[in-house]
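Pasting my_file_14.cif here (mmCIF, C-alpha atoms and all ligand atoms):
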```
data_query
loop_
_atom_site.label_atom_id
_atom_site.label_comp_id
_atom_site.auth_asym_id
_atom_site.auth_seq_id
_atom_site.Cartn_x
_atom_site.Cartn_y
_atom_site.Cartn_z
CA MET A 1 78.86 82.83 108.59
CA LYS A 2 78.41 79.78 106.42
CA LYS A 3 81.18 77.25 107.00
CA LYS A 4 81.62 76.31 103.35
CA GLN A 5 83.96 78.68 101.52
CA ARG A 6 82.35 80.61 98.74
CA ASP A 7 84.24 80.89 95.51
CA PHE A 8 84.03 84.42 94.27
CA THR A 9 86.77 83.99 91.69
CA ILE A 10 85.95 84.56 88.05
CA THR A 11 86.15 80.98 86.94
CA THR A 12 85.66 81.45 83.21
CA LEU A 13 89.17 82.70 82.69
CA GLY A 14 91.49 80.27 84.49
CA ALA A 15 95.10 81.28 83.79
CA PRO A 16 95.76 84.89 82.77
CA LYS A 17 95.22 84.38 79.04
CA VAL A 18 93.40 87.62 78.39
CA LEU A 19 95.50 90.36 76.86
CA THR A 20 95.05 93.59 78.80
CA PRO A 21 93.33 96.46 77.01
CA LEU A 22 96.24 98.68 78.14
CA GLU A 23 98.70 99.42 75.39
CA LEU A 24 102.05 99.41 77.11
CA SER A 25 105.42 98.15 75.95
CA THR A 26 107.17 94.85 76.61
CA GLN A 27 110.59 96.26 75.62
CA ARG A 28 112.77 98.04 78.15
CA ASN A 29 114.32 101.42 77.31
CA ASP A 30 112.13 102.17 74.30
CA GLY A 31 110.78 105.36 75.79
CA GLN A 32 107.38 103.82 76.60
CA ALA A 33 105.86 102.65 79.87
CA ASN A 34 106.26 98.92 80.47
CA TYR A 35 104.08 96.19 81.85
CA THR A 36 105.15 94.86 85.23
CA ASN A 37 106.00 91.19 85.28
CA ASP A 38 105.80 88.65 88.07
CA ASP A 39 109.54 88.63 88.54
CA GLN A 40 109.82 92.26 89.66
CA TYR A 41 110.19 92.73 93.38
CA VAL A 42 110.86 95.33 96.04
CA LEU A 43 113.28 94.36 98.81
CA TYR A 44 111.58 94.21 102.20
CA ASP A 45 114.65 95.44 104.02
CA ILE A 46 117.10 97.74 102.28
CA GLU A 47 119.55 98.41 105.09
CA THR A 48 122.89 96.77 104.42
CA GLY A 49 126.61 96.88 105.14
CA ARG A 50 129.14 97.40 102.37
CA ASN A 51 129.04 93.68 101.56
CA GLY A 52 125.50 93.05 100.35
CA PRO A 53 123.85 89.62 100.53
CA ASP A 54 125.45 87.21 98.11
CA ARG A 55 122.55 84.80 97.88
CA ILE A 56 119.13 84.22 96.40
CA PHE A 57 116.43 86.01 98.35
CA ASN A 58 113.65 83.97 99.86
CA GLN A 59 110.04 84.94 99.20
CA LYS A 60 109.55 86.56 102.63
CA GLU A 61 112.25 89.11 101.86
CA LEU A 62 110.56 90.20 98.65
CA LEU A 63 107.41 92.17 97.94
CA GLU A 64 105.80 92.07 94.53
CA MET A 65 106.14 95.25 92.53
CA ALA A 66 102.80 96.91 91.80
CA GLY A 67 101.97 97.63 88.17
CA PRO A 68 99.82 96.61 85.22
CA ARG A 69 100.34 93.12 83.80
CA GLU A 70 100.33 92.21 80.12
CA ARG A 71 97.92 89.33 80.62
CA ILE A 72 95.10 89.56 83.10
CA PHE A 73 92.66 87.37 85.02
CA PHE A 74 89.76 89.54 84.33
CA ASP A 75 86.45 89.61 82.57
CA PRO A 76 85.14 93.17 82.98
CA ALA A 77 81.58 92.16 82.11
CA LYS A 78 81.49 89.79 85.08
CA VAL A 79 82.96 92.13 87.64
CA HIS A 80 80.85 93.74 90.33
CA ALA A 81 83.26 95.66 92.54
CA ALA A 82 82.35 97.22 95.88
CA ILE A 83 84.31 99.94 97.68
CA VAL A 84 83.97 100.61 101.41
CA THR A 85 85.66 103.27 103.58
CA CYS A 86 85.68 102.48 107.30
CA GLY A 87 86.89 103.74 110.67
CA GLY A 88 88.06 107.24 111.53
CA LEU A 89 88.15 109.64 108.62
CA CYS A 90 91.31 110.77 106.98
CA PRO A 91 92.15 113.00 104.05
CA GLY A 92 92.88 111.03 100.88
CA LEU A 93 89.99 108.55 101.01
CA ASN A 94 88.21 110.20 98.09
CA ASP A 95 91.42 110.11 96.08
CA VAL A 96 91.57 106.33 96.37
CA VAL A 97 87.89 105.96 95.49
CA ARG A 98 88.31 108.18 92.45
CA ALA A 99 91.45 106.44 91.23
CA MET A 100 89.83 103.01 91.54
CA VAL A 101 86.63 104.01 89.77
CA MET A 102 88.48 105.78 86.94
CA CYS A 103 90.92 102.91 86.51
CA LEU A 104 88.24 100.20 86.54
CA TRP A 105 86.03 102.17 84.18
CA PHE A 106 88.43 103.60 81.62
CA ARG A 107 91.32 101.13 81.69
CA TYR A 108 89.36 97.92 82.01
CA GLY A 109 85.78 98.71 81.05
CA VAL A 110 84.19 97.62 84.34
CA ARG A 111 80.69 99.09 84.65
CA ARG A 112 79.38 97.80 87.99
CA ILE A 113 81.02 99.58 90.91
CA SER A 114 79.07 99.96 94.15
CA GLY A 115 80.00 102.40 96.90
CA ILE A 116 79.01 100.96 100.29
CA ARG A 117 77.63 103.67 102.56
CA PHE A 118 78.96 104.45 106.04
CA GLY A 119 81.57 101.74 106.37
CA TYR A 120 80.76 98.09 107.05
CA ARG A 121 77.41 99.32 108.44
CA GLY A 122 76.33 99.64 104.79
CA PHE A 123 76.38 95.85 104.50
CA LEU A 124 74.06 95.32 107.44
CA SER A 125 70.42 95.17 106.33
CA ARG A 126 69.11 96.62 109.62
CA PHE A 127 70.55 100.00 108.65
CA GLY A 128 68.78 100.02 105.27
CA LEU A 129 71.52 101.97 103.48
CA PRO A 130 71.29 101.82 99.68
CA VAL A 131 74.58 101.57 97.80
CA MET A 132 75.93 104.49 95.80
CA GLU A 133 76.48 103.67 92.15
CA LEU A 134 79.97 104.84 91.30
CA LYS A 135 80.78 106.17 87.84
CA PRO A 136 83.32 108.66 86.48
CA ASP A 137 80.95 111.63 86.69
CA VAL A 138 80.20 110.86 90.36
CA VAL A 139 83.88 110.82 91.32
CA SER A 140 85.47 113.24 88.87
CA ASP A 141 86.13 116.09 91.32
CA ILE A 142 86.14 114.32 94.68
CA HIS A 143 89.94 114.13 94.96
CA ARG A 144 90.01 117.73 96.17
CA LYS A 145 87.61 117.07 99.04
CA GLY A 146 88.25 115.86 102.57
CA GLY A 147 86.44 112.95 104.22
CA THR A 148 84.77 110.31 102.09
CA ILE A 149 81.76 110.69 99.80
CA LEU A 150 80.72 107.21 100.91
CA GLY A 151 80.61 108.03 104.62
CA SER A 152 82.30 105.93 107.27
CA SER A 153 81.64 104.30 110.63
CA ARG A 154 83.45 102.37 113.29
CA GLY A 155 82.83 98.61 113.74
CA TYR A 156 79.98 96.60 115.19
CA GLY A 157 81.81 93.69 116.76
CA ASP A 158 82.19 90.67 114.58
CA CYS A 159 79.78 91.19 111.71
CA THR A 160 81.93 89.33 109.19
CA GLY A 161 79.24 86.70 108.58
CA GLU A 162 76.61 89.34 107.75
CA ILE A 163 78.98 91.15 105.43
CA PHE A 164 79.79 87.87 103.71
CA ASP A 165 76.10 87.12 103.15
CA SER A 166 75.40 90.62 101.96
CA LEU A 167 78.24 90.48 99.41
CA GLU A 168 76.75 87.29 98.10
CA GLN A 169 73.23 88.71 97.87
CA MET A 170 74.53 91.73 95.99
CA ASN A 171 76.61 89.51 93.70
CA VAL A 172 79.69 91.50 94.54
CA ASN A 173 82.77 89.54 93.51
CA ILE A 174 85.54 91.99 94.46
CA LEU A 175 85.72 94.10 97.61
CA PHE A 176 88.08 97.01 98.25
CA ALA A 177 88.27 97.90 101.96
CA ILE A 178 89.96 101.19 102.85
CA GLY A 179 90.79 101.46 106.54
CA GLY A 180 93.04 100.86 109.50
CA ASP A 181 93.70 97.78 111.62
CA GLY A 182 90.04 97.13 112.56
CA THR A 183 88.81 97.41 108.98
CA LEU A 184 91.64 95.33 107.58
CA GLY A 185 91.18 92.73 110.32
CA VAL A 186 87.62 92.21 109.05
CA ALA A 187 88.98 92.17 105.48
CA LEU A 188 91.39 89.39 106.47
CA LYS A 189 88.53 87.34 107.94
CA LEU A 190 86.51 87.85 104.77
CA SER A 191 89.48 86.82 102.69
CA LYS A 192 89.88 83.63 104.74
CA ALA A 193 86.18 82.93 104.11
CA GLY A 194 86.82 83.11 100.37
CA VAL A 195 85.99 86.73 99.50
CA ASN A 196 88.18 88.45 96.90
CA VAL A 197 89.30 91.38 98.99
CA ILE A 198 92.01 94.03 98.74
CA GLY A 199 92.90 96.35 101.61
CA ILE A 200 94.11 99.94 101.32
CA PRO A 201 95.92 101.41 104.36
CA LYS A 202 94.63 104.62 105.90
CA THR A 203 95.08 106.12 109.33
CA ILE A 204 96.55 109.42 110.36
CA ASP A 205 98.31 107.54 113.20
CA LYS A 206 100.59 105.69 110.69
CA ASP A 207 100.54 102.74 113.08
CA LEU A 208 99.67 100.01 110.54
CA ALA A 209 102.42 97.44 110.11
CA GLU A 210 104.20 96.60 106.85
CA THR A 211 103.81 99.94 105.13
CA ASP A 212 105.95 103.06 105.32
CA TYR A 213 102.90 105.21 104.68
CA THR A 214 99.22 105.27 105.61
CA LEU A 215 96.85 107.71 103.97
CA GLY A 216 96.07 110.90 105.83
CA PHE A 217 99.31 111.11 107.81
CA GLU A 218 100.98 113.87 105.83
CA THR A 219 97.88 116.10 105.82
CA ALA A 220 97.65 115.67 109.60
CA ILE A 221 101.33 116.63 109.95
CA ASN A 222 100.65 119.75 107.88
CA VAL A 223 97.76 120.65 110.22
CA ILE A 224 99.92 120.15 113.32
CA THR A 225 102.72 122.26 111.85
CA GLU A 226 100.37 125.06 110.87
CA GLU A 227 98.54 125.10 114.21
CA VAL A 228 101.81 125.14 116.16
CA ASP A 229 103.01 128.05 114.01
CA ARG A 230 99.82 129.92 114.99
CA LEU A 231 100.24 129.10 118.68
CA ARG A 232 103.74 130.57 118.60
CA THR A 233 102.20 134.03 118.17
CA THR A 234 100.51 133.89 121.56
CA ALA A 235 103.21 131.79 123.20
CA GLY A 236 105.92 134.26 122.19
CA SER A 237 104.01 137.42 123.08
CA HIS A 238 102.96 136.13 126.50
CA GLN A 239 106.01 133.97 127.30
CA ARG A 240 103.75 130.98 127.68
CA ILE A 241 104.22 127.28 127.35
CA PHE A 242 101.78 125.43 125.11
CA VAL A 243 101.20 121.71 125.40
CA VAL A 244 99.72 120.49 122.11
CA GLU A 245 97.94 117.14 122.25
CA THR A 246 97.93 115.20 119.00
CA MET A 247 96.20 111.96 118.09
CA GLY A 248 98.23 108.77 118.27
CA ARG A 249 96.75 106.05 120.36
CA HIS A 250 99.53 103.44 120.31
CA ALA A 251 102.19 105.02 118.13
CA GLY A 252 103.70 108.48 118.50
CA TRP A 253 104.38 109.28 114.83
CA LEU A 254 102.08 112.32 114.72
CA ALA A 255 103.60 113.90 117.82
CA LEU A 256 107.13 112.95 116.78
CA GLU A 257 107.07 114.01 113.14
CA GLY A 258 104.65 116.89 113.77
CA GLY A 259 106.99 118.00 116.57
CA GLU A 260 110.00 117.73 114.31
CA SER A 261 108.40 119.70 111.50
CA SER A 262 107.13 122.40 113.83
CA GLY A 263 110.29 122.56 115.94
CA ALA A 264 108.76 121.53 119.28
CA TYR A 265 111.03 121.66 122.33
CA ILE A 266 109.71 118.49 123.99
CA ILE A 267 107.95 115.53 122.34
CA LEU A 268 106.19 112.84 124.36
CA ILE A 269 105.02 109.60 122.76
CA PRO A 270 103.21 106.40 123.86
CA GLU A 271 106.26 104.24 123.19
CA TYR A 272 108.26 105.83 126.02
CA ASP A 273 106.79 106.66 129.43
CA PHE A 274 108.04 110.06 130.46
CA SER A 275 109.16 111.40 133.81
CA LEU A 276 107.27 114.48 134.88
CA GLU A 277 110.31 115.68 136.82
CA ARG A 278 112.41 115.54 133.64
CA VAL A 279 109.80 117.52 131.70
CA ASN A 280 109.79 120.23 134.37
CA GLU A 281 113.57 120.23 134.45
CA LEU A 282 113.78 120.62 130.67
CA VAL A 283 111.31 123.51 130.74
CA LEU A 284 113.32 125.31 133.43
CA GLU A 285 116.62 124.56 131.65
CA GLY A 286 115.16 126.06 128.48
CA ARG A 287 114.15 129.25 130.27
CA LYS A 288 117.57 129.55 131.85
CA ALA A 289 119.13 129.23 128.42
CA GLY A 290 117.02 132.14 127.22
CA ALA A 291 113.88 130.52 125.73
CA ARG A 292 111.03 133.01 125.66
CA TYR A 293 108.35 130.32 125.32
CA ASP A 294 108.05 126.59 124.71
CA ILE A 295 106.02 124.24 122.58
CA ILE A 296 105.52 120.70 123.87
CA LEU A 297 103.91 118.03 121.72
CA VAL A 298 102.26 115.07 123.38
CA ALA A 299 100.50 112.13 121.75
CA GLU A 300 97.13 111.25 123.27
CA GLY A 301 98.45 107.78 124.19
CA ALA A 302 101.55 109.05 126.06
CA LYS A 303 101.66 108.49 129.79
CA PRO A 304 103.86 109.34 132.77
CA MET A 305 106.05 106.60 134.26
CA GLY A 306 103.98 104.35 136.47
CA GLY A 307 100.75 105.90 135.20
CA THR A 308 98.09 104.84 132.72
CA GLU A 309 96.73 106.46 129.56
CA PHE A 310 94.24 109.28 129.94
CA VAL A 311 90.80 108.26 128.76
CA ARG A 312 87.95 110.53 127.65
CA VAL A 313 85.25 107.88 127.97
CA GLU A 314 85.41 104.72 130.07
CA GLY A 315 85.25 101.36 128.32
CA VAL A 316 86.33 100.22 124.86
CA ASP A 317 84.73 100.16 121.41
CA SER A 318 83.99 96.97 119.47
CA PHE A 319 87.61 96.77 118.31
CA GLY A 320 88.85 97.08 121.91
CA HIS A 321 89.99 100.70 121.47
CA LYS A 322 89.83 103.16 124.36
CA ALA A 323 88.74 106.75 123.67
CA LEU A 324 91.86 108.61 124.76
CA GLY A 325 92.36 112.25 125.70
CA GLY A 326 93.33 114.52 128.57
CA ILE A 327 97.09 114.06 128.83
CA GLY A 328 97.68 117.59 127.45
CA GLU A 329 95.60 119.28 130.11
CA TYR A 330 97.13 117.17 132.87
CA LEU A 331 100.64 118.08 131.75
CA ALA A 332 99.86 121.78 131.42
CA ASN A 333 98.51 121.85 135.00
CA GLU A 334 101.48 119.93 136.36
CA ILE A 335 103.99 122.18 134.59
CA THR A 336 102.25 125.33 135.85
CA ASP A 337 102.19 123.99 139.41
CA ASN A 338 105.80 122.82 139.40
CA THR A 339 107.57 125.57 137.48
CA GLU A 340 105.32 128.57 138.17
CA LEU A 341 105.42 129.30 134.44
CA GLU A 342 102.17 129.88 132.60
CA CYS A 343 101.30 126.75 130.65
CA ARG A 344 98.18 126.09 128.54
CA SER A 345 97.01 123.08 126.58
CA VAL A 346 95.45 122.76 123.14
CA VAL A 347 93.88 119.55 121.84
CA LEU A 348 94.13 119.31 118.06
CA SER A 349 91.70 116.40 117.95
CA HIS A 350 89.69 115.95 114.73
CA LEU A 351 91.19 119.05 113.11
CA GLN A 352 94.02 116.68 112.19
CA ARG A 353 91.67 114.51 110.16
CA GLY A 354 89.66 117.27 108.54
CA GLY A 355 89.84 119.37 105.42
CA ALA A 356 91.17 118.74 101.96
CA PRO A 357 94.05 116.29 101.49
CA CYS A 358 97.49 117.76 100.95
CA ALA A 359 99.23 117.10 97.64
CA TYR A 360 101.09 114.09 99.04
CA ASP A 361 97.89 112.37 100.22
CA ARG A 362 96.25 113.06 96.86
CA ARG A 363 99.14 111.38 95.09
CA MET A 364 99.40 108.48 97.51
CA GLY A 365 95.63 107.95 97.35
CA ARG A 366 95.89 107.80 93.58
CA TYR A 367 98.87 105.42 93.60
CA PHE A 368 97.25 103.12 96.19
CA GLY A 369 93.99 103.09 94.21
CA ILE A 370 95.67 102.19 90.93
CA ALA A 371 97.83 99.54 92.64
CA ALA A 372 94.68 97.95 94.09
CA ILE A 373 93.28 97.55 90.58
CA ASP A 374 96.60 96.13 89.34
CA LEU A 375 96.32 93.49 92.07
CA ILE A 376 92.86 92.33 91.03
CA THR A 377 93.83 92.08 87.38
CA ASN A 378 96.52 89.69 88.56
CA ASN A 379 94.07 87.70 90.72
CA ASP A 380 96.12 88.68 93.74
CA TYR A 381 93.64 88.88 96.62
CA GLY A 382 93.92 88.89 100.41
CA LYS A 383 96.51 91.65 100.20
CA MET A 384 97.00 95.22 101.33
CA VAL A 385 98.63 97.67 98.96
CA CYS A 386 101.52 99.38 100.67
CA TYR A 387 104.45 101.73 100.28
CA ARG A 388 107.78 100.20 101.09
CA ASN A 389 111.26 101.52 100.46
CA GLY A 390 110.10 104.13 97.98
CA ARG A 391 107.93 101.78 95.91
CA ILE A 392 104.24 100.97 95.76
CA THR A 393 103.88 97.27 96.44
CA SER A 394 101.63 94.91 98.39
CA VAL A 395 101.74 92.55 101.34
CA PRO A 396 99.43 89.73 102.51
CA LEU A 397 96.83 91.02 105.00
CA SER A 398 97.85 88.20 107.32
CA ARG A 399 101.26 89.88 107.72
CA VAL A 400 99.65 93.19 108.69
CA ILE A 401 97.01 92.27 111.23
CA GLY A 402 97.98 91.86 114.88
CA LYS A 403 101.07 94.04 114.56
CA THR A 404 101.72 97.75 115.14
CA ASN A 405 104.15 100.14 113.53
CA PHE A 406 105.71 101.70 116.61
CA VAL A 407 108.34 104.41 116.79
CA ASN A 408 111.63 102.66 117.54
CA VAL A 409 112.69 104.51 120.69
CA ASP A 410 116.25 103.22 120.41
CA THR A 411 116.90 104.75 117.02
CA GLU A 412 114.21 107.33 116.35
CA TYR A 413 113.64 109.10 119.65
CA ASP A 414 115.93 110.89 122.02
CA LYS A 415 114.99 109.51 125.43
CA GLU A 416 117.33 111.83 127.27
CA ARG A 417 116.19 115.11 125.78
CA TYR A 418 112.61 113.91 125.20
CA ASN A 419 113.01 115.17 121.72
CA GLY A 420 112.90 113.89 118.18
CA ARG A 421 115.47 111.83 116.33
CA ARG A 422 119.07 112.08 117.43
CA THR A 423 119.97 115.00 115.24
CA ILE A 424 122.00 117.61 117.01
CA LEU A 425 120.87 120.94 115.66
O1 LIG B 501 92.20 106.93 113.51
C1 LIG B 501 92.80 106.71 114.76
C2 LIG B 501 92.57 107.88 115.60
O2 LIG B 501 93.10 108.95 114.93
C3 LIG B 501 93.17 107.77 117.00
O3 LIG B 501 94.41 108.36 117.18
C4 LIG B 501 92.15 108.44 117.87
O4 LIG B 501 92.19 107.95 119.18
C5 LIG B 501 90.88 108.11 117.20
O5 LIG B 501 91.18 108.05 115.81
C6 LIG B 501 89.76 109.05 117.51
O6 LIG B 501 88.73 108.87 116.60
P1 LIG B 501 87.18 109.12 116.89
O7 LIG B 501 87.10 110.14 117.96
O8 LIG B 501 86.66 109.61 115.58
O9 LIG B 501 86.61 107.81 117.28
#
```
Write out the structure in this file as structure tokens.
Amino acid sequence: MKKKQRDFTITTLGAPKVLTPLELSTQRNDGQANYTNDDQYVLYDIETGRNGPDRIFNQKELLEMAGPRERIFFDPAKVHAAIVTCGGLCPGLNDVVRAMVMCLWFRYGVRRISGIRFGYRGFLSRFGLPVMELKPDVVSDIHRKGGTILGSSRGYGDCTGEIFDSLEQMNVNILFAIGGDGTLGVALKLSKAGVNVIGIPKTIDKDLAETDYTLGFETAINVITEEVDRLRTTAGSHQRIFVVETMGRHAGWLALEGGESSGAYIILIPEYDFSLERVNELVLEGRKAGARYDIILVAEGAKPMGGTEFVRVEGVDSFGHKALGGIGEYLANEITDNTELECRSVVLSHLQRGGAPCAYDRRMGRYFGIAAIDLITNNDYGKMVCYRNGRITSVPLSRVIGKTNFVNVDTEYDKERYNGRRTIL
């Protein structure tokens, strides 16, 4: 990468003097939608005692409210935006792409929008992948489809320099990167090198920091719930135990929330190493209490006390990720051997990332996409759009990278009963 920072900003405009083409209202309570102004914030932390803070908040405690501004830093004729979807697939990607294209095109009159093919690979000349020109008719019905029309790929080590050069050659001056921690880590590096970049959070694992939601999660939870419902037919008729292995490399949200929504008896997550003896005990206790069958949910990254994660393939990918898998089968064998009850395992694997997005992911994809455009009109780069405390907002990428959104095992997981949150049913 060239050492000198490149200035991709649209210099002709300076301060936001341009009146937005959007016709919204500046008056409150007049029955019309308002512009958002720079003094509207979302509180980072909303938990409080009866006596709230009697002080002025400092900037770190506040997140800027997403929304269209009255004056914008934006010259549509000079914009060449690029959109890239990277990493593992998830439902909702097309919804973001569609929302961004529609918003850029119809709200702001931007006419140059390039879809980068197959993730960051599309920037690397050795792959010879032509860009996809994105227009309303290309994206009009993609929100109902799973996956991404652009294609995706996992990383190639540190190719930030090549991406930077490619952006420059293509005269792209705004980049939208939709992905998880690997993708957004590259986005942060690009931002530090002077690229105008906005990140959009997606991963069915919901392990990205600083956002209450990542695209794809809710669809994956729906899949888990539906598949567990189906397994109950066999489990009940044959008095079997089913161990269902979900994704969730570092964080156990899929197993935990999927287990809660499907009513699993035992839930095992990476954040808390389980005791095999306790699992066997719980299974036997359940039978004694009259259970006809059991459903156990285990995240792929969960491991027994003193053990290590189960890996499918040795080694790590270019982001240092191991390919996990196998804990479900191990557990099923151990339970069968130790309890003499019939136990089988099912790996949900990529089923959780496939198919059309559920309604929630369609809406969140749309909200994230529109918020990303609001950010660029306000010259607010180097950020990830996020969902925090019931509001769409944004956070600097530098606050996201290098952290993980783990399940808090002290407040959100019952370590004694190996079950979900401490709700006594
Ligand atoms: O997106 C993250 C994730 O869902 C992990 O939980 C899982 O380990 C990984 O993707 C598997 O993805 P793939 O097999 O497509 O590389």
Within 10 Å of ligand LIG 501 (chain B), counting all atoms listed in the file, residues as a compact mmCIF listing (two decimals) with C-alpha atoms, in the coordinates of the input:
```
# COMPACT_ATOMS: atom_id res chain seq x y z
CA GLY A 87 86.89 103.74 110.67
CA GLY A 88 88.06 107.24 111.53
CA LEU A 89 88.15 109.64 108.62
CA CYS A 90 91.31 110.77 106.98
CA SER A 153 81.64 104.30 110.63
CA ARG A 154 83.45 102.37 113.29
CA GLY A 179 90.79 101.46 106.54
CA GLY A 180 93.04 100.86 109.50
CA ASP A 181 93.70 97.78 111.62
CA LYS A 202 94.63 104.62 105.90
CA THR A 203 95.08 106.12 109.33
CA ILE A 204 96.55 109.42 110.36
CA ASP A 205 98.31 107.54 113.20
CA LYS A 206 100.59 105.69 110.69
CA ASP A 207 100.54 102.74 113.08
CA GLY A 216 96.07 110.90 105.83
CA PHE A 217 99.31 111.11 107.81
CA ALA A 220 97.65 115.67 109.60
CA THR A 246 97.93 115.20 119.00
CA MET A 247 96.20 111.96 118.09
CA GLY A 248 98.23 108.77 118.27
CA ARG A 249 96.75 106.05 120.36
CA HIS A 250 99.53 103.44 120.31
CA ALA A 251 102.19 105.02 118.13
CA GLY A 252 103.70 108.48 118.50
CA LEU A 254 102.08 112.32 114.72
CA ALA A 299 100.50 112.13 121.75
CA GLU A 300 97.13 111.25 123.27
CA GLY A 301 98.45 107.78 124.19
CA VAL A 311 90.80 108.26 128.76
CA ARG A 312 87.95 110.53 127.65
CA ASP A 317 84.73 100.16 121.41
CA HIS A 321 89.99 100.70 121.47
CA LYS A 322 89.83 103.16 124.36
CA ALA A 323 88.74 106.75 123.67
CA LEU A 324 91.86 108.61 124.76
CA GLY A 325 92.36 112.25 125.70
CA SER A 349 91.70 116.40 117.95
CA HIS A 350 89.69 115.95 114.73
CA GLN A 352 94.02 116.68 112.19
CA ARG A 353 91.67 114.51 110.16
```
Near-segment 113-126 of chain A list (8 Å; all atoms listed in the file; drop same-chain fewer than 5 positions) as number ranges by chain: A: 80-87, 101, 131-135, 150-156, 162-163, 166-167
Please write the residues from the selection above to a file, keeping C-alpha atoms, as a PDB file, in the frame of the given file.
```
ATOM      1  CA  HIS A  80      80.850  93.740  90.330  1.00  0.00           C
ATOM      2  CA  ALA A  81      83.260  95.660  92.540  1.00  0.00           C
ATOM      3  CA  ALA A  82      82.350  97.220  95.880  1.00  0.00           C
ATOM      4  CA  ILE A  83      84.310  99.940  97.680  1.00  0.00           C
ATOM      5  CA  VAL A  84      83.970 100.610 101.410  1.00  0.00           C
ATOM      6  CA  THR A  85      85.660 103.270 103.580  1.00  0.00           C
ATOM      7  CA  CYS A  86      85.680 102.480 107.300  1.00  0.00           C
ATOM      8  CA  GLY A  87      86.890 103.740 110.670  1.00  0.00           C
ATOM      9  CA  VAL A 101      86.630 104.010  89.770  1.00  0.00           C
ATOM     10  CA  VAL A 131      74.580 101.570  97.800  1.00  0.00           C
ATOM     11  CA  MET A 132      75.930 104.490  95.800  1.00  0.00           C
ATOM     12  CA  GLU A 133      76.480 103.670  92.150  1.00  0.00           C
ATOM     13  CA  LEU A 134      79.970 104.840  91.300  1.00  0.00           C
ATOM     14  CA  LYS A 135      80.780 106.170  87.840  1.00  0.00           C
ATOM     15  CA  LEU A 150      80.720 107.210 100.910  1.00  0.00           C
ATOM     16  CA  GLY A 151      80.610 108.030 104.620  1.00  0.00           C
ATOM     17  CA  SER A 152      82.300 105.930 107.270  1.00  0.00           C
ATOM     18  CA  SER A 153      81.640 104.300 110.630  1.00  0.00           C
ATOM     19  CA  ARG A 154      83.450 102.370 113.290  1.00  0.00           C
ATOM     20  CA  GLY A 155      82.830  98.610 113.740  1.00  0.00           C
ATOM     21  CA  TYR A 156      79.980  96.600 115.190  1.00  0.00           C
ATOM     22  CA  GLU A 162      76.610  89.340 107.750  1.00  0.00           C
ATOM     23  CA  ILE A 163      78.980  91.150 105.430  1.00  0.00           C
ATOM     24  CA  SER A 166      75.400  90.620 101.960  1.00  0.00           C
ATOM     25  CA  LEU A 167      78.240  90.480  99.410  1.00  0.00           C
TER      26      LEU A 167
END
```
Please report, as JSON, the centre and edge lengths in Å to one decimal of an axis-aligned box covering all listed atoms of segment 234-247 of chain A with 3 Å per side.
```
{"center_x": 101.1, "center_y": 124.7, "center_z": 122.9, "size_x": 15.8, "size_y": 31.5, "size_z": 15.6}
```
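What separates atom CA of Thr339 of chain A from atom CA of Ile224 of chain A is a distance of 25.9 Å.
Closest approach to Thr160 of chain A among A:Leu104, A:Ile142, A:Ile174, A:Leu190 is made by A:Leu190 (distances from all atoms listed in the file).
If only C-alpha atoms are the atoms counted, then among A:Ser191, A:Thr211, A:Asn196, A:Asn338 the closest residue to Arg278 of chain A is A:Asn338.
Among the candidate residues A:Leu375, A:Glu226, A:Asp414, A:Ala177, the one lying nearest to Tyr265 of chain A is A:Asp414, with distances computed using only C-alpha atoms.
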Gap from atom CA of Ser262 of chain A to atom CA of Pro91 of chain A - Å, one decimal: 20.2 Å
Selected residue of minimal separation from Gly263 of chain A among A:Asn389, A:Thr214, A:Thr225, A:Thr336, counting all atoms listed in the file: A:Thr225
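For Glu412 of chain A, the set of protein, DNA and RNA residues having any atom at most 12 Å away, when counting all atoms listed in the file and skipping those fewer than 5 positions along the same chain, is A:Gly252, A:Trp253, A:Leu256, A:Glu257, A:Glu260, A:Ile267, A:Ile269, A:Glu271, A:Tyr272, A:Phe406, A:Val407, A:Tyr418, A:Asn419, A:Gly420, A:Arg421, A:Arg422, A:Thr423.
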Residue nearest Ala302 of chain A among A:Ser275, A:Ser345, A:Asn280, A:Gln40 (counting all atoms listed in the file): A:Ser275
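Of the residues listed (A:Asp30, A:Glu329, A:Glu64, A:Asp361), A:Glu64 shows the shortest atom-to-atom separation from Leu43 of chain A; distances use only C-alpha atoms.
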